[in-house]
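Note sheet for the following structure.
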Amino acid sequence: MATAPKEAANTIGLEEICTERQEPPKEQKTFTVEEAVETIGFGRFHIALFLIMGSTGVAEAMEIMLIAVVSPLIRCEWHLQDWQVALVTTMVFFGYMIFSIVLGLLADRYGRWKILLLSFLWGAYFSLLTSFSPSYIWFVFLRAMVGGGVSGHAQGLIIKTEFLPTKYRGYMLPLSQVFWLAGSLLIIGLASVVNPTIGWRWLIRIASIPGIILILVFKFIPESARYNVSTGNNAAALATLRRIAKMNRAAMPEGVLREPANERRGRFKDLMHPKYLRTTLQIWIIWLGIAFAYYGVILASAELLERDLVCGSPAAAGEEAGDDSEESRSPCHCRLFSPSAYQTMIISTVGEIALNPLNILGINFLGRRLSLCITMASTALFFLLLNICISSAGMTGFLFMLRALVSANFNTIYIYTAEVYPTTMRALGMGTSGSLCRIGAMVAPFISQVLMSASFTGALCLFASVCVVCAISAFTLPIETKGRALQVCM
């Protein structure tokens with residue numbers, strides 16, 4: 001008879017654990033963090049949060065896009081072959097992939113704010129060290145470490161998501177793309193001035209400044225109240241909510257904050273729980289495909305514009321460049337960017353916000369799944385359109401639209417992933433997704449720079465096929481998060 005209660009206790013699932021709580025007296029009013037966030041509403045705190053946490057995108061974009069503008073210079077300095085230059089980008093994303101999972105686990109266990117601060121300290125430190133690299137091997141290693149630090153920046157998005165009222169998430173989170181755009185344009189603009197004058201090492205040192213400045217303002221942003229209650233620290237969560245209400249000049253809900261504490265936080269096997277297994281697998285496919293397409297577009301754009309591949313024929317490029325010269329035949333000859341190349345990079349980068357208004361409307365009115373399905377399918381279409389014989393201006397237009405579409409894809413999947421998982425595993429869900437994302441980014445250089453040289457059409461069809469798979473996966477996602485409150489636990 002004594003074993004019955006024990007057997008019953010062993011059958012308690014995650015859902016039951018989440019509902020365990022001490023019931024307050026019936027006459028006492030209570031509220032949850034979700035109800036408090038919705039009652040307080042949007043205000044000055046959220047504007048400050050948007051500016052500070054959004055600015056993490058500036059630092060991240062500068063560090064990630066840095067390789068694109070220093071590659072020609074390190075190629076010349078260390079006499080690198082093409083595969084060695086490509087390996088730098090691959091190792092940055094390798095570091096990102098490994099640390100993304102680790103930092104996601106740590107963020108669910110020890111807090112989003114601490115891991116975000118750690119990631120910025122880590123990234124700034126190794127970025128500065130990179131500028132003193134004595135050799136190619138050291139440069140590759142240190143940039144991989146920078147990639148590991150940058151992977152923790154995703155916690156800024158999670159903090160924003162967990163503090164925003166439901167109806168504002170679909171509007172404010174896509175606007176964060178403006179910060180990524182600002183960082184990309186800033187590093188390109190700086191490169192056009194710094195590289196030809198004082199060199200790439202000073203460019204890296206200057207690029208680390210935004211990250212260092214952000215470290216100084218992090219103290220104005222509190223730890224996520226949703227994270228605090230998930231660990232049972234209701235007092236800290238209540239203090240944070242009162243601070244937000246004071247800043248927003250809003251009233252707190254009546255009653256006592258009551259939320260179930262959950263000791264099961266940040267476990268990988270929770271992502272494989274039957275309730276989330278299908279969602280997790282499909283999200284991973286989408287993240288991998290989006291990163292593959294995004295960085296494929298960036299690298300393919302550079303190849304197309306540099307070699308002037310119109311209608312898939314490299315002949316014109318060979319004639320203009322003078323392929324008979326020994327320098328052009330060398331795998332490690334220098335191809336420094338001209339002022340017009342920097343201008344082209346700026347124009348194509350601006351395309352990343354071209355569809356932001358439509359993307360925001362789609363996310364909020366069509367829903368996350370359908371919106372992502374449409375933009376992924378459109379991305380596949382524009383990859384195929386690059387096969388059409390068209391002028392250089394027309395190809396630039398197609399590339400502009402591709403940058404806009406792949407950016408919209410990232411906006412939507414970031415929002416969906418942050419919303420679909422409960423607080424107890426949200427950082428881990430984002431971390432593992434970001435890790436899979438970097439696998440796509442690691443593969444993209446070899447398709448855009450190697451396969452495209454051998455088969456222009458084959459490379460574009462491969463990109464388009466991956467986008468079609470992602471569109472189908474997005475359309476069949478089992479959960480729609482539009483208008484849904486953030487879940488606390490499973």
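Simple scheme: letters A, B, ... for chains in structure tokens order, numbers from 1 for residues in each chain, numbers from 1 for ligands in the order shown.
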
Which residues of stretch 88-177 of chain A sit at most 12 Å from stretch 348-367 of chain A, using only C-alpha atoms? Give each one's shortest atom pair and distance in Å (one decimal place), in chain and ascending residue order, as a tab-separated table.
residue	atom	partner	partner_atom	distance
A:Thr166	CA	A:Asn364	CA	10.8
A:Lys167	CA	A:Asn364	CA	8.5
A:Tyr168	CA	A:Asn364	CA	9.5
A:Arg169	CA	A:Asn364	CA	9.1
A:Gly170	CA	A:Asn364	CA	5.8
A:Tyr171	CA	A:Ile360	CA	5.9
A:Met172	CA	A:Ile360	CA	8.9
A:Leu173	CA	A:Ile360	CA	9.1
A:Pro174	CA	A:Ile360	CA	6.6
A:Leu175	CA	A:Asn356	CA	7.5
A:Ser176	CA	A:Asn356	CA	10.1
A:Gln177	CA	A:Ile353	CA	7.1

Taking a cut-off of 12 Å and counting only C-alpha atoms, can you build a table that, for each residue of stretch 369-470 of chain A near stretch 104-114 of chain A, reports the nearest atom pair and how far apart they are in Å (one decimal), sorted by chain then residue number, as a tab-separated table?
residue	atom	partner	partner_atom	distance
A:Tyr421	CA	A:Asp108	CA	12.0
A:Pro422	CA	A:Asp108	CA	10.8
A:Thr423	CA	A:Asp108	CA	8.1
A:Thr424	CA	A:Asp108	CA	6.4
A:Met425	CA	A:Asp108	CA	6.3
A:Arg426	CA	A:Asp108	CA	7.4
A:Ala427	CA	A:Gly104	CA	4.9
A:Leu428	CA	A:Gly104	CA	4.3
A:Gly429	CA	A:Gly104	CA	7.5
A:Met430	CA	A:Gly104	CA	7.0
A:Gly431	CA	A:Gly104	CA	4.6
A:Thr432	CA	A:Gly104	CA	7.3
A:Ser433	CA	A:Gly104	CA	9.9
A:Gly434	CA	A:Gly104	CA	9.4
A:Ser435	CA	A:Gly104	CA	9.9

Taking N, CA and C atoms for each residue, export the selection above as a tab-separated table (two decimals), in the first residue's frame.
chain	number	residue	atom	x	y	z
A	421	TYR	N	8.54	29.10	-26.88
A	421	TYR	CA	9.04	28.34	-25.74
A	421	TYR	C	8.68	29.02	-24.42
A	422	PRO	N	8.48	28.23	-23.36
A	422	PRO	CA	8.19	28.81	-22.04
A	422	PRO	C	9.44	29.43	-21.43
A	423	THR	N	9.24	30.21	-20.38
A	423	THR	CA	10.34	30.93	-19.74
A	423	THR	C	11.44	29.98	-19.26
A	424	THR	N	11.05	28.81	-18.78
A	424	THR	CA	12.02	27.86	-18.22
A	424	THR	C	13.00	27.32	-19.23
A	425	MET	N	12.72	27.46	-20.53
A	425	MET	CA	13.61	26.93	-21.56
A	425	MET	C	13.75	27.87	-22.75
A	426	ARG	N	13.34	29.14	-22.59
A	426	ARG	CA	13.35	30.08	-23.71
A	426	ARG	C	14.78	30.38	-24.16
A	427	ALA	N	15.68	30.65	-23.23
A	427	ALA	CA	17.06	30.96	-23.60
A	427	ALA	C	17.73	29.77	-24.26
A	428	LEU	N	17.46	28.56	-23.75
A	428	LEU	CA	18.04	27.36	-24.35
A	428	LEU	C	17.47	27.15	-25.75
A	429	GLY	N	16.17	27.39	-25.91
A	429	GLY	CA	15.57	27.26	-27.24
A	429	GLY	C	16.20	28.21	-28.23
A	430	MET	N	16.43	29.45	-27.81
A	430	MET	CA	17.08	30.43	-28.68
A	430	MET	C	18.53	30.03	-28.93
A	431	GLY	N	19.19	29.52	-27.89
A	431	GLY	CA	20.60	29.16	-28.03
A	431	GLY	C	20.82	28.02	-29.00
A	432	THR	N	20.02	26.95	-28.87
A	432	THR	CA	20.17	25.82	-29.78
A	432	THR	C	19.79	26.21	-31.20
A	433	SER	N	18.78	27.04	-31.34
A	433	SER	CA	18.38	27.51	-32.67
A	433	SER	C	19.50	28.34	-33.29
A	434	GLY	N	20.09	29.21	-32.48
A	434	GLY	CA	21.20	30.00	-32.97
A	434	GLY	C	22.39	29.14	-33.36
A	435	SER	N	22.56	28.03	-32.66
A	435	SER	CA	23.65	27.11	-32.98
A	435	SER	C	23.43	26.46	-34.35

Practice item. Extract, using only C-alpha atoms, all DNA, RNA and protein residues at most 12 Å from stretch 83-91 of chain A, discarding same-chain residues fewer than 5 positions from it, and format them as a PyMOL selection string. Key: chain A and resi 63-78+96-98+136-148+295+299+331-334+438-450

Check your understanding: Skipping near chain neighbours, those fewer than 3 positions away, what residues fall within 10 Å of A:Leu384 using only C-alpha atoms, listed as a list in words?
Key ->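 Near A:Leu384, the qualifying residues are Ser378, Thr379, Ala380, Leu381, Asn387, Ile388, Thr457, Ala459, Leu460, Cys461, Leu462, Phe463, Ala464 and Ser465 of chain A.
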
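Contact shell of A:Phe475 at 6 Å (only C-alpha atoms; same-chain neighbours under 3 positions omitted): Arg369, Leu370, Cys373 and Ile472 of chain A.
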
Point to revise | Interatomic distance, atom CA of A:Cys437 to atom CA of A:Asn411 (Å, one decimal) | key: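 Interatomic distance, atom CA of A:Cys437 to atom CA of A:Asn411: 13.6 Å.
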
Review point. When you draw a straight line from atom CA of A:Asn234 to atom CA of A:Leu257, how long is it in Å?
Key: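 Distance reported for this atom pair: 7.1 Å.
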
Exercise for review: Rank A:Leu436, A:Ser407, A:Glu419, A:Ser133 by their smallest atom-to-atom distance to A:Phe99, using only C-alpha atoms, and report the top residue only.
Suggested key: A:Leu436

Exercise for review: Name the residues of stretch 93-326 of chain A that fall into alpha helix (DSSP H) according to DSSP on the backbone, using the chain letters and numbers of this document, as a VMD selection string.
Suggested key: chain A and resid 93 to 110 112 to 130 136 to 150 154 to 163 166 to 175 177 to 194 200 to 207 209 to 217 225 to 230 234 to 248 268 to 271 277 to 307 315 to 321 326
